[in-house]
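Okay, structure03.csv now, which holds CSV, N, CA and C atoms:
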chain,number,residue,atom,x,y,z
A,1,MET,N,7.8,-2.7,-116.7
A,1,MET,CA,8.2,-3.0,-115.4
A,1,MET,C,8.1,-1.8,-114.5
A,2,ALA,N,8.3,-0.6,-115.0
A,2,ALA,CA,8.0,0.5,-114.1
A,2,ALA,C,6.6,0.6,-113.8
A,3,GLU,N,5.7,0.2,-114.8
A,3,GLU,CA,4.3,0.3,-114.5
A,3,GLU,C,3.9,-0.7,-113.4
A,4,ASP,N,4.5,-1.8,-113.4
A,4,ASP,CA,4.2,-2.9,-112.4
A,4,ASP,C,4.8,-2.5,-111.0
A,5,LEU,N,5.9,-1.8,-111.1
A,5,LEU,CA,6.6,-1.4,-109.8
A,5,LEU,C,5.8,-0.5,-109.0
A,6,LEU,N,5.1,0.4,-109.5
A,6,LEU,CA,4.4,1.4,-108.7
A,6,LEU,C,3.2,0.7,-108.0
A,7,PRO,N,2.4,-0.1,-108.6
A,7,PRO,CA,1.3,-0.7,-107.8
A,7,PRO,C,1.9,-1.7,-106.8
A,8,TYR,N,3.0,-2.4,-107.1
A,8,TYR,CA,3.7,-3.3,-106.2
A,8,TYR,C,4.1,-2.5,-105.0
A,9,LEU,N,4.8,-1.4,-105.2
A,9,LEU,CA,5.3,-0.6,-104.0
A,9,LEU,C,4.1,-0.1,-103.2
A,10,GLU,N,3.0,0.3,-103.9
A,10,GLU,CA,1.9,0.8,-103.1
A,10,GLU,C,1.3,-0.3,-102.3
A,11,ARG,N,1.2,-1.5,-102.8
A,11,ARG,CA,0.7,-2.6,-102.0
A,11,ARG,C,1.6,-2.9,-100.9
A,12,GLN,N,2.9,-2.9,-101.1
A,12,GLN,CA,3.9,-3.1,-100.0
A,12,GLN,C,3.8,-2.0,-98.9
A,13,PHE,N,3.7,-0.8,-99.4
A,13,PHE,CA,3.6,0.3,-98.4
A,13,PHE,C,2.3,0.3,-97.6
A,14,SER,N,1.3,-0.2,-98.4
A,14,SER,CA,0.0,-0.3,-97.7
A,14,SER,C,0.0,-1.4,-96.7
A,15,ALA,N,0.7,-2.5,-97.0
A,15,ALA,CA,0.8,-3.6,-96.1
A,15,ALA,C,1.7,-3.2,-94.9
A,16,ILE,N,2.7,-2.4,-95.1
A,16,ILE,CA,3.6,-1.9,-94.1
A,16,ILE,C,2.8,-1.0,-93.2
A,17,ASN,N,2.0,-0.1,-93.8
A,17,ASN,CA,1.2,0.8,-93.0
A,17,ASN,C,0.2,0.1,-92.2
A,18,GLN,N,-0.4,-1.0,-92.7
A,18,GLN,CA,-1.3,-1.8,-91.9
A,18,GLN,C,-0.6,-2.5,-90.7
A,19,GLN,N,0.6,-2.9,-91.0
A,19,GLN,CA,1.4,-3.5,-89.9
A,19,GLN,C,1.7,-2.5,-88.8
A,20,PHE,N,2.1,-1.3,-89.3
A,20,PHE,CA,2.4,-0.2,-88.3
A,20,PHE,C,1.1,0.2,-87.6
A,21,ALA,N,0.0,0.2,-88.2
A,21,ALA,CA,-1.3,0.4,-87.5
A,21,ALA,C,-1.6,-0.6,-86.5
A,22,THR,N,-1.3,-1.9,-86.8
A,22,THR,CA,-1.5,-3.0,-85.9
A,22,THR,C,-0.5,-2.8,-84.7
A,23,VAL,N,0.7,-2.5,-85.0
A,23,VAL,CA,1.7,-2.3,-84.0
A,23,VAL,C,1.3,-1.1,-83.1
A,24,ASN,N,0.8,-0.1,-83.7
A,24,ASN,CA,0.4,1.1,-82.9
A,24,ASN,C,-0.8,0.7,-82.0
A,25,GLN,N,-1.7,-0.1,-82.5
A,25,GLN,CA,-2.8,-0.5,-81.6
A,25,GLN,C,-2.3,-1.4,-80.5
A,26,GLN,N,-1.3,-2.3,-80.8
A,26,GLN,CA,-0.8,-3.1,-79.7
A,26,GLN,C,-0.1,-2.2,-78.7
A,27,PHE,N,0.7,-1.2,-79.2
A,27,PHE,CA,1.3,-0.3,-78.2
A,27,PHE,C,0.3,0.5,-77.4
A,28,ALA,N,-0.8,0.9,-78.0
A,28,ALA,CA,-1.9,1.5,-77.3
A,28,ALA,C,-2.4,0.6,-76.2
A,29,THR,N,-2.6,-0.7,-76.5
A,29,THR,CA,-3.1,-1.6,-75.6
A,29,THR,C,-2.1,-1.8,-74.4
A,30,VAL,N,-0.9,-1.9,-74.8
A,30,VAL,CA,0.2,-2.1,-73.8
A,30,VAL,C,0.2,-0.8,-72.9
A,31,ASN,N,0.1,0.4,-73.5
A,31,ASN,CA,0.1,1.6,-72.7
A,31,ASN,C,-1.1,1.6,-71.8
A,32,GLN,N,-2.3,1.2,-72.2
A,32,GLN,CA,-3.4,1.1,-71.3
A,32,GLN,C,-3.2,0.2,-70.2
A,33,ARG,N,-2.6,-1.0,-70.5
A,33,ARG,CA,-2.3,-2.0,-69.4
A,33,ARG,C,-1.3,-1.4,-68.4
A,34,LEU,N,-0.2,-0.7,-69.0
A,34,LEU,CA,0.8,-0.1,-68.1
A,34,LEU,C,0.1,1.0,-67.2
A,35,ASP,N,-0.8,1.8,-67.8
A,35,ASP,CA,-1.5,2.8,-67.0
A,35,ASP,C,-2.3,2.2,-65.9
A,36,SER,N,-3.0,1.1,-66.2
A,36,SER,CA,-3.7,0.3,-65.2
A,36,SER,C,-2.8,-0.2,-64.1
A,37,ILE,N,-1.6,-0.7,-64.5
A,37,ILE,CA,-0.7,-1.2,-63.6
A,37,ILE,C,-0.1,-0.1,-62.7
A,38,ASP,N,0.1,1.1,-63.3
A,38,ASP,CA,0.6,2.3,-62.6
A,38,ASP,C,-0.4,2.7,-61.5
A,39,GLN,N,-1.7,2.7,-61.9
A,39,GLN,CA,-2.8,3.0,-61.0
A,39,GLN,C,-2.8,2.0,-59.8
A,40,ARG,N,-2.7,0.8,-60.1
A,40,ARG,CA,-2.7,-0.3,-59.1
A,40,ARG,C,-1.5,-0.1,-58.2
A,41,LEU,N,-0.3,0.2,-58.8
A,41,LEU,CA,0.9,0.4,-57.9
A,41,LEU,C,0.7,1.7,-57.1
A,42,GLU,N,0.1,2.7,-57.6
A,42,GLU,CA,-0.1,3.9,-56.8
A,42,GLU,C,-1.0,3.6,-55.6
A,43,SER,N,-2.1,2.7,-55.9
A,43,SER,CA,-3.0,2.3,-54.8
A,43,SER,C,-2.2,1.5,-53.8
A,44,VAL,N,-1.4,0.6,-54.2
A,44,VAL,CA,-0.6,-0.2,-53.3
A,44,VAL,C,0.4,0.7,-52.5
A,45,ASP,N,1.0,1.6,-53.2
A,45,ASP,CA,1.9,2.6,-52.5
A,45,ASP,C,1.1,3.3,-51.4
A,46,GLN,N,-0.1,3.8,-51.7
A,46,GLN,CA,-0.9,4.5,-50.7
A,46,GLN,C,-1.2,3.6,-49.5
A,47,ARG,N,-1.6,2.4,-49.8
A,47,ARG,CA,-1.9,1.4,-48.8
A,47,ARG,C,-0.7,1.1,-47.9
A,48,LEU,N,0.5,1.0,-48.6
A,48,LEU,CA,1.7,0.7,-47.8
A,48,LEU,C,2.1,1.9,-46.9
A,49,GLU,N,1.9,3.1,-47.4
A,49,GLU,CA,2.1,4.3,-46.6
A,49,GLU,C,1.2,4.3,-45.4
A,50,SER,N,-0.1,3.9,-45.6
A,50,SER,CA,-1.0,3.8,-44.5
A,50,SER,C,-0.6,2.8,-43.5
A,51,VAL,N,-0.2,1.6,-44.0
A,51,VAL,CA,0.3,0.6,-43.1
A,51,VAL,C,1.6,1.0,-42.4
A,52,ASP,N,2.5,1.7,-43.0
A,52,ASP,CA,3.7,2.2,-42.4
A,52,ASP,C,3.3,3.2,-41.3
A,53,GLN,N,2.3,4.1,-41.5
A,53,GLN,CA,1.9,5.0,-40.5
A,53,GLN,C,1.3,4.3,-39.3
A,54,ARG,N,0.5,3.3,-39.6
A,54,ARG,CA,-0.1,2.5,-38.5
A,54,ARG,C,0.9,1.8,-37.7
A,55,LEU,N,1.9,1.2,-38.4
A,55,LEU,CA,3.0,0.5,-37.8
A,55,LEU,C,3.8,1.4,-36.9
A,56,GLU,N,4.1,2.6,-37.4
A,56,GLU,CA,4.8,3.5,-36.6
A,56,GLU,C,4.0,3.9,-35.3
A,57,ALA,N,2.7,4.0,-35.4
A,57,ALA,CA,1.9,4.3,-34.3
A,57,ALA,C,1.9,3.2,-33.3
A,58,VAL,N,1.9,1.9,-33.8
A,58,VAL,CA,1.9,0.7,-33.0
A,58,VAL,C,3.3,0.7,-32.2
A,59,GLU,N,4.3,0.9,-33.0
A,59,GLU,CA,5.7,0.9,-32.4
A,59,GLU,C,5.8,2.0,-31.3
A,60,THR,N,5.2,3.2,-31.5
A,60,THR,CA,5.2,4.2,-30.5
A,60,THR,C,4.4,3.7,-29.3
A,61,ASN,N,3.3,3.1,-29.5
A,61,ASN,CA,2.5,2.7,-28.4
A,61,ASN,C,3.2,1.6,-27.6
A,62,VAL,N,3.9,0.7,-28.3
A,62,VAL,CA,4.6,-0.4,-27.7
A,62,VAL,C,5.7,0.1,-26.8
A,63,ARG,N,6.5,1.1,-27.4
A,63,ARG,CA,7.5,1.8,-26.6
A,63,ARG,C,7.0,2.4,-25.3
A,64,GLY,N,5.8,3.1,-25.5
A,64,GLY,CA,5.2,3.7,-24.3
A,64,GLY,C,4.8,2.6,-23.3
A,65,ALA,N,4.3,1.5,-23.8
A,65,ALA,CA,3.9,0.4,-22.9
A,65,ALA,C,5.1,-0.2,-22.2
A,66,TYR,N,6.2,-0.3,-22.9
A,66,TYR,CA,7.4,-0.8,-22.2
A,66,TYR,C,7.9,0.1,-21.1
A,67,VAL,N,7.8,1.4,-21.3
A,67,VAL,CA,8.1,2.4,-20.3
A,67,VAL,C,7.2,2.2,-19.1
A,68,LEU,N,5.9,2.1,-19.3
A,68,LEU,CA,4.9,1.9,-18.2
A,68,LEU,C,5.2,0.6,-17.5
A,69,ILE,N,5.5,-0.4,-18.2
A,69,ILE,CA,5.8,-1.7,-17.6
A,69,ILE,C,7.0,-1.6,-16.7
A,70,GLU,N,8.1,-1.0,-17.2
A,70,GLU,CA,9.3,-0.8,-16.4
A,70,GLU,C,8.9,0.0,-15.1
A,71,ASP,N,8.1,1.0,-15.3
A,71,ASP,CA,7.8,1.8,-14.1
A,71,ASP,C,7.0,1.0,-13.1
A,72,LEU,N,6.0,0.2,-13.6
A,72,LEU,CA,5.2,-0.7,-12.8
A,72,LEU,C,6.1,-1.7,-12.1
A,73,GLN,N,7.1,-2.2,-12.8
A,73,GLN,CA,8.0,-3.2,-12.2
A,73,GLN,C,8.8,-2.6,-11.0
A,74,ASP,N,9.2,-1.3,-11.2
A,74,ASP,CA,9.9,-0.6,-10.2
A,74,ASP,C,9.0,-0.4,-9.0
A,75,GLN,N,7.8,0.0,-9.3
A,75,GLN,CA,6.8,0.2,-8.2
A,75,GLN,C,6.5,-1.1,-7.4
A,76,VAL,N,6.3,-2.2,-8.2
A,76,VAL,CA,6.1,-3.5,-7.5
A,76,VAL,C,7.3,-3.9,-6.7
A,77,ARG,N,8.5,-3.6,-7.2
A,77,ARG,CA,9.7,-3.9,-6.4
A,77,ARG,C,9.7,-3.1,-5.1
A,78,LEU,N,9.3,-1.8,-5.2
A,78,LEU,CA,9.3,-1.0,-4.0
A,78,LEU,C,8.2,-1.5,-3.0
A,79,VAL,N,7.1,-1.9,-3.5
A,79,VAL,CA,6.0,-2.4,-2.7
A,79,VAL,C,6.5,-3.7,-2.0
A,80,ALA,N,7.2,-4.6,-2.8
A,80,ALA,CA,7.7,-5.8,-2.2
A,80,ALA,C,8.7,-5.6,-1.1
A,81,GLU,N,9.6,-4.6,-1.3
A,81,GLU,CA,10.5,-4.2,-0.3
A,81,GLU,C,9.8,-3.7,0.9
A,82,GLY,N,8.8,-2.9,0.7
A,82,GLY,CA,8.0,-2.4,1.9
A,82,GLY,C,7.3,-3.5,2.6
A,83,VAL,N,6.8,-4.5,1.9
A,83,VAL,CA,6.1,-5.6,2.6
A,83,VAL,C,7.1,-6.4,3.4
A,84,THR,N,8.3,-6.6,2.8
A,84,THR,CA,9.3,-7.4,3.5
A,84,THR,C,9.7,-6.6,4.7
A,85,SER,N,9.9,-5.3,4.6
A,85,SER,CA,10.3,-4.5,5.8
A,85,SER,C,9.2,-4.6,6.9
A,86,CYS,N,7.9,-4.5,6.4
A,86,CYS,CA,6.8,-4.6,7.4
A,86,CYS,C,6.8,-6.0,8.1
A,87,ASN,N,7.0,-7.0,7.3
A,87,ASN,CA,7.1,-8.3,7.9
A,87,ASN,C,8.2,-8.5,8.9
A,88,GLU,N,9.3,-7.9,8.6
A,88,GLU,CA,10.4,-7.9,9.6
A,88,GLU,C,10.1,-7.1,10.9
A,89,GLN,N,9.4,-6.0,10.7
A,89,GLN,CA,9.0,-5.2,11.9
A,89,GLN,C,7.9,-5.9,12.7
A,90,LEU,N,7.0,-6.6,12.0
A,90,LEU,CA,6.0,-7.4,12.7
A,90,LEU,C,6.6,-8.5,13.5
A,91,LYS,N,7.6,-9.1,12.8
A,91,LYS,CA,8.3,-10.2,13.5
A,91,LYS,C,9.0,-9.7,14.8
A,92,GLN,N,9.7,-8.6,14.7
A,92,GLN,CA,10.3,-8.0,15.8
A,92,GLN,C,9.3,-7.6,16.9
A,93,GLN,N,8.2,-7.0,16.5
A,93,GLN,CA,7.2,-6.6,17.4
A,93,GLN,C,6.6,-7.8,18.1
A,94,ARG,N,6.4,-8.9,17.3
A,94,ARG,CA,5.8,-10.1,17.9
A,94,ARG,C,6.8,-10.7,18.9
A,95,GLU,N,8.1,-10.7,18.6
A,95,GLU,CA,9.1,-11.3,19.5
A,95,GLU,C,9.1,-10.4,20.8
A,96,ASP,N,9.0,-9.1,20.6
A,96,ASP,CA,9.1,-8.2,21.8
A,96,ASP,C,7.8,-8.4,22.7
A,97,VAL,N,6.7,-8.5,22.0
A,97,VAL,CA,5.4,-8.7,22.8
A,97,VAL,C,5.5,-10.1,23.5
A,98,THR,N,6.0,-11.1,22.8
A,98,THR,CA,6.1,-12.4,23.5
A,98,THR,C,7.0,-12.3,24.7
A,99,ARG,N,8.2,-11.6,24.6
A,99,ARG,CA,9.1,-11.4,25.7
A,99,ARG,C,8.4,-10.7,26.9
A,100,ARG,N,7.6,-9.7,26.5
A,100,ARG,CA,7.0,-8.9,27.6
A,100,ARG,C,5.9,-9.8,28.3
A,101,ILE,N,5.1,-10.5,27.4
A,101,ILE,CA,4.1,-11.4,28.0
A,101,ILE,C,4.8,-12.4,28.9
A,102,ASP,N,5.9,-13.0,28.5
A,102,ASP,CA,6.6,-14.0,29.3
A,102,ASP,C,7.1,-13.3,30.6
A,103,ALA,N,7.6,-12.1,30.5
A,103,ALA,CA,8.0,-11.4,31.7
A,103,ALA,C,6.8,-11.2,32.7
A,104,VAL,N,5.7,-10.7,32.1
A,104,VAL,CA,4.5,-10.5,33.0
A,104,VAL,C,4.0,-11.8,33.6
A,105,GLU,N,4.0,-12.9,32.8
A,105,GLU,CA,3.6,-14.2,33.3
A,105,GLU,C,4.6,-14.6,34.4
A,106,SER,N,5.8,-14.4,34.2
A,106,SER,CA,6.8,-14.8,35.2
A,106,SER,C,6.6,-14.0,36.5
A,107,PHE,N,6.4,-12.7,36.3
A,107,PHE,CA,6.2,-11.8,37.5
A,107,PHE,C,4.9,-12.2,38.2
A,108,ASN,N,3.8,-12.5,37.4
A,108,ASN,CA,2.6,-13.0,38.1
A,108,ASN,C,2.8,-14.3,38.8
A,109,ARG,N,3.5,-15.2,38.2
A,109,ARG,CA,3.8,-16.5,38.9
A,109,ARG,C,4.5,-16.3,40.3
A,110,LEU,N,5.5,-15.4,40.2
A,110,LEU,CA,6.2,-15.1,41.4
A,110,LEU,C,5.3,-14.5,42.4
A,111,SER,N,4.5,-13.5,42.0
A,111,SER,CA,3.6,-12.8,42.9
A,111,SER,C,2.6,-13.8,43.5
A,112,TYR,N,2.0,-14.6,42.6
A,112,TYR,CA,1.0,-15.6,43.1
A,112,TYR,C,1.7,-16.6,44.1
A,113,GLN,N,2.9,-17.0,43.8
A,113,GLN,CA,3.6,-17.9,44.7
A,113,GLN,C,3.8,-17.3,46.0
A,114,ASP,N,4.2,-16.0,46.0
A,114,ASP,CA,4.4,-15.3,47.2
A,114,ASP,C,3.1,-15.1,48.0
A,115,LEU,N,2.1,-14.8,47.3
A,115,LEU,CA,0.7,-14.6,47.9
A,115,LEU,C,0.3,-16.0,48.5
A,116,ASP,N,0.5,-17.0,47.7
A,116,ASP,CA,0.0,-18.3,48.1
A,116,ASP,C,0.8,-18.8,49.4
A,117,SER,N,2.1,-18.5,49.4
A,117,SER,CA,2.8,-18.9,50.6
A,117,SER,C,2.3,-18.0,51.8
A,118,ARG,N,2.0,-16.8,51.6
A,118,ARG,CA,1.5,-15.9,52.7
A,118,ARG,C,0.2,-16.4,53.2
A,119,VAL,N,-0.7,-16.7,52.2
A,119,VAL,CA,-2.0,-17.2,52.6
A,119,VAL,C,-1.9,-18.5,53.3
A,120,ARG,N,-1.1,-19.4,53.0
A,120,ARG,CA,-0.9,-20.7,53.7
A,120,ARG,C,-0.4,-20.5,55.1
A,121,ARG,N,0.6,-19.5,55.2
A,121,ARG,CA,1.1,-19.2,56.5
A,121,ARG,C,0.0,-18.7,57.4
A,122,LEU,N,-0.8,-17.8,56.8
A,122,LEU,CA,-1.9,-17.2,57.6
A,122,LEU,C,-2.9,-18.3,58.0
A,123,GLU,N,-3.2,-19.2,57.0
A,123,GLU,CA,-4.2,-20.2,57.4
A,123,GLU,C,-3.6,-21.1,58.4
A,124,LYS,N,-2.3,-21.4,58.5
A,124,LYS,CA,-1.8,-22.3,59.5
A,124,LYS,C,-1.8,-21.6,60.9
A,125,THR,N,-1.6,-20.3,60.9
A,125,THR,CA,-1.6,-19.6,62.2
A,125,THR,C,-3.0,-19.3,62.6
A,126,ALA,N,-4.0,-19.4,61.8
A,126,ALA,CA,-5.3,-19.0,62.2
A,126,ALA,C,-6.1,-20.1,62.8

Could you write out this file's structure as structure tokens?
Amino acid sequence: MAEDLLPYLERQFSAINQQFATVNQQFATVNQRLDSIDQRLESVDQRLESVDQRLEAVETNVRGAYVLIEDLQDQVRLVAEGVTSCNEQLKQQREDVTRRIDAVESFNRLSYQDLDSRVRRLEKTA
């Protein structure tokens, strides 16, 4: 029985060693896959960092654009106020010119009426 036990144990240890070798190969394959996944994740991380940097640049540009837009809105508001003021001044000038022209026309009518009456008197006496 002792003679049979030694070959039996050797066969069993050999089978166990083969199973360990198979498991070791499977672990090696898993390690390779994990290394590949790690490399992919590093690549994705780098790409995400690049995207983050680009996004930060875009956000900075957008903030700058908002500042410029607000400044332009203020400038447009000032221009609109200036145009409104000019329109009011033009309206006042137009009314003033109209009054003056009316006054000149009225003066001319009176002057022509006076001259007309003088000329008629002179024509009657002549």

How many Å separate atom N of A:Gln19 from atom C of A:Pro7?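 Interatomic distance here is 15.9 Å.
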
Rounded to one decimal, what separation in Å do you get between atom N of A:Glu123 and atom C of A:Glu105?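 Separation between atom N of A:Glu123 and atom C of A:Glu105: 24.3 Å.
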
Between atom CA of A:Leu6 and atom CA of A:Phe20, measure the distance and give it in Å to one decimal.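 Computed distance, atom CA of A:Leu6 to atom CA of A:Phe20, equals 20.6 Å.
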